[in-house]
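Novice: Pasting a structure here, questions to come.
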Amino acid sequence: MNRIVFEIGYFLGLAKISWHTDTPSTLLPRAREAGWLPDGARVLEVGCGLGTNTRWLAEHGFDVTGVDLSSVAVGRVRRDLARHGLKALVYQADFLAGIDEAPFDVIFDRATLHSFPAGSAERAVFTKRLSDLVRPGGSLLLAEVQRIPRLEARKVPPFPVELDDLRGLFGPSFDVTFVGLEHQRHRVLGELPFGQWRVQRLDAAAA
């Protein structure tokens, strides 16, 4: 992804027109209630944006790290957390290039994986980064756009993420489960259905 595009998007406020949401993903409380997001867990949010979900995680006592490609977004998240007396490690990084972190109990991604076309090298690399950073027994919590017939011909994001895509990307060391739906009203594309997935790294997977 082009970092300059995101820096400009956040600086001009375009993120709030396109991909930002002011309400946390419903996948987070759902995962907490189900036990996939245990209290006190070490959690990474990839593509944290303006921090809506990072803030929710911090408010609920998780050990949170947020990473985003945009330094503008990261600065705003840090200021928002400070205003509310919340603690989280938030920094700018290109996740595709890799980050130097120990494995996490849970990794959350809303709307980053679907930025990469199905079958692309970027989608494969992104998945590999996720796989390497979640501990055995831990969970990846993903909220990504589902297939929408009216958008099939588009050559720009979001690109749909489906069950077969995830099984092919993560392979036999992960259990992929569809757990629900959420919807976002996009000012340009209309209502978008986001599939919610739990991708659990099996205990037998190599650390």
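By order of appearance in the structure tokens: chains A, B, ..., then residues from 1 within every chain, and ligands from 1 in the order shown.
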Counting only C-alpha atoms, which residues of segment 40-72 of chain A fall within 10 Å of segment 119-139 of chain A, and what is the closest atom pair for each with its distance in Å at one decimal, ordered by chain and rising number, as a tab-separated table?

Specialist:
residue	atom	partner	partner_atom	distance
A:Ala41	CA	A:Gly138	CA	9.9
A:Val43	CA	A:Val134	CA	9.4
A:Leu44	CA	A:Leu133	CA	9.0
A:Val46	CA	A:Leu130	CA	9.0

Novice: Could you give me, as CSV, every segment 26-70 of chain A residue with an atom at most 12 Å from segment 163-179 of chain A, plus its closest atom pair and distance in Å to one decimal, counting only C-alpha atoms, rows ordered by chain then number?

Specialist:
residue,atom,partner,partner_atom,distance
A:Thr26,CA,A:Val179,CA,10.9
A:Leu27,CA,A:Val179,CA,8.4
A:Leu28,CA,A:Val179,CA,11.4
A:Arg30,CA,A:Val179,CA,8.8
A:Ala31,CA,A:Val179,CA,9.1
A:Ala34,CA,A:Val179,CA,10.4
A:Trp36,CA,A:Val179,CA,11.4

Novice: Which is closest to Val77 of chain A among A:Glu101, A:His60, A:Leu141, A:Leu50, if we use only C-alpha atoms?

Specialist: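 Of all the options, A:Leu50 lies closest to Val77 of chain A.
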
Novice: List as a short mmCIF file (atom, residue, chain, number, x, y, z; two decimals) with C-alpha atoms, in the first residue's frame the protein and nucleic acid residues near Pro38 of chain A, meaning an atom at most 9 Å away when only C-alpha atoms are counted, but skip any in the same chain fewer than 6 places from it.

Specialist:
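Saved file result-v3.cif follows:
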data_model
loop_
_atom_site.label_atom_id
_atom_site.label_comp_id
_atom_site.auth_asym_id
_atom_site.auth_seq_id
_atom_site.Cartn_x
_atom_site.Cartn_y
_atom_site.Cartn_z
CA ALA A 31 -14.98 -12.51 21.00
CA ARG A 32 -14.63 -11.42 24.61
CA PHE A 62 -6.11 -5.34 27.41
CA ASP A 105 -2.43 -13.80 22.24
CA VAL A 106 -4.85 -12.14 19.82
#

Novice: Step one, run DSSP on the backbone; step two, keep only residues of segment 67-116 of chain A assigned to strand (DSSP E or B); then write them as a list in words.

Specialist: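 Here is the list: Val67, Asp68, Leu89, Val90, Tyr91, Gln92, Phe104, Asp105, Val106, Ile107, Phe108, Asp109 and Arg110 of chain A.
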
Novice: Could you check how far atom CA of Val67 of chain A sits from atom CA of Gly35 of chain A, in Å to one decimal?

Specialist: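 These atoms are spaced 23.9 Å apart.
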
Novice: Neighbouring residues of Leu69 of chain A were defined as those with any atom within 7 Å, considering only C-alpha atoms; residues of the same chain fewer than 6 positions away were excluded. Please report them as a list in words.

Specialist: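 Counting only C-alpha atoms, the residues come to Arg3, Gly47, Gln92, Ala93 and Asp94 of chain A.
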
Novice: Take the selection from the previous step and output its residues with N, CA and C atoms, as a PDB file, in the first residue's frame.

Specialist:
ATOM      1  N   ARG A   3       2.023   4.550   1.318  1.00  0.00           N
ATOM      2  CA  ARG A   3       1.925   5.278   2.579  1.00  0.00           C
ATOM      3  C   ARG A   3       1.464   6.720   2.358  1.00  0.00           C
ATOM      4  N   GLY A  47      -3.364  -2.029  11.352  1.00  0.00           N
ATOM      5  CA  GLY A  47      -4.137  -1.013  10.660  1.00  0.00           C
ATOM      6  C   GLY A  47      -5.095  -0.337  11.608  1.00  0.00           C
ATOM      7  N   GLN A  92       3.940   3.821  14.133  1.00  0.00           N
ATOM      8  CA  GLN A  92       3.876   3.741  12.678  1.00  0.00           C
ATOM      9  C   GLN A  92       4.803   2.628  12.189  1.00  0.00           C
ATOM     10  N   ALA A  93       4.287   1.793  11.301  1.00  0.00           N
ATOM     11  CA  ALA A  93       5.103   0.735  10.698  1.00  0.00           C
ATOM     12  C   ALA A  93       4.401   0.211   9.455  1.00  0.00           C
ATOM     13  N   ASP A  94       5.197  -0.307   8.542  1.00  0.00           N
ATOM     14  CA  ASP A  94       4.673  -1.013   7.378  1.00  0.00           C
ATOM     15  C   ASP A  94       4.585  -2.486   7.760  1.00  0.00           C
TER      16      ASP A  94
END

Novice: Per DSSP on the backbone, what are the alpha helix (DSSP H) residues of segment 16-198 of chain A, as JSON, numbers by chain?

Specialist: {"A": [27, 28, 29, 30, 31, 32, 33, 34, 52, 53, 54, 55, 56, 57, 58, 59, 71, 72, 73, 74, 75, 76, 77, 78, 79, 80, 81, 82, 83, 121, 122, 123, 124, 125, 126, 127, 128, 129, 130, 131, 132, 133, 163, 164, 165, 166, 167, 168, 169, 170]}

Novice: When distances are computed from only C-alpha atoms, which of A:Asp80, A:Ala102, A:Ala88, A:Pro158 shows the smallest separation from Ser115 of chain A?

Specialist: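 That would be A:Pro158, the residue with the smallest distance to Ser115 of chain A.
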
Novice: Would you compute the distance between atom CA of Gln146 of chain A and atom CA of Gly195 of chain A? Give it in Å to one decimal.

Specialist: 5.8 Å

Novice: Between A:Gly180, A:Pro117, A:Pro193, A:Pro103, which is the closest to Lys155 of chain A once you count only C-alpha atoms?

Specialist: A:Pro117

Novice: Do you have the atom CA of Leu140 of chain A-atom CA of Asp22 of chain A distance handy?

Specialist: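 Here the two named atoms are 22.0 Å from each other.
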
Novice: Find the residue from A:Ser25, A:Thr52, A:Thr112, A:Gln196 that sits nearest to Ala73 of chain A; use only C-alpha atoms when measuring.

Specialist: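 Under the stated criterion, the closest residue is A:Thr52.
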
Novice: Can you tell me which residues surround His183 of chain A at a distance of at most 7 Å, considering only C-alpha atoms, apart from same-chain residues fewer than 6 positions away, and format the answer as a list in words?

Specialist: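 Here the answer would be Glu191, Leu192, Pro193 and Phe194 of chain A.
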
Novice: What lies within 7 Å of Gly66 of chain A using only C-alpha atoms, ignoring chain neighbours under 2 positions off, as a ChimeraX atom specification?

Specialist: /A:44-46,48,54,64,68,89-91

Novice: Export C-alpha atoms of the chosen residues as a CSV table (one decimal), in the first residue's frame?

Specialist:
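As a result, again_36.csv now contains:
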chain,number,residue,atom,x,y,z
A,44,LEU,CA,-2.2,-6.4,18.4
A,45,GLU,CA,-4.4,-4.3,16.1
A,46,VAL,CA,-3.1,-4.1,12.6
A,48,CYS,CA,-5.4,0.7,13.8
A,54,THR,CA,-7.6,0.3,20.0
A,64,VAL,CA,-2.7,-3.3,23.4
A,68,ASP,CA,-0.7,1.7,11.3
A,89,LEU,CA,1.7,1.2,22.5
A,90,VAL,CA,0.9,2.7,19.2
A,91,TYR,CA,3.4,3.3,16.4

Novice: Extract, using only C-alpha atoms, all DNA, RNA and protein residues at most 7 Å from Asn53 of chain A, discarding same-chain residues fewer than 2 positions from it, and format them as a list in words.

Specialist: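 Contacts, in chain order: Pro24, Ser25, Gly51, Arg55, Trp56 and Leu57 of chain A.
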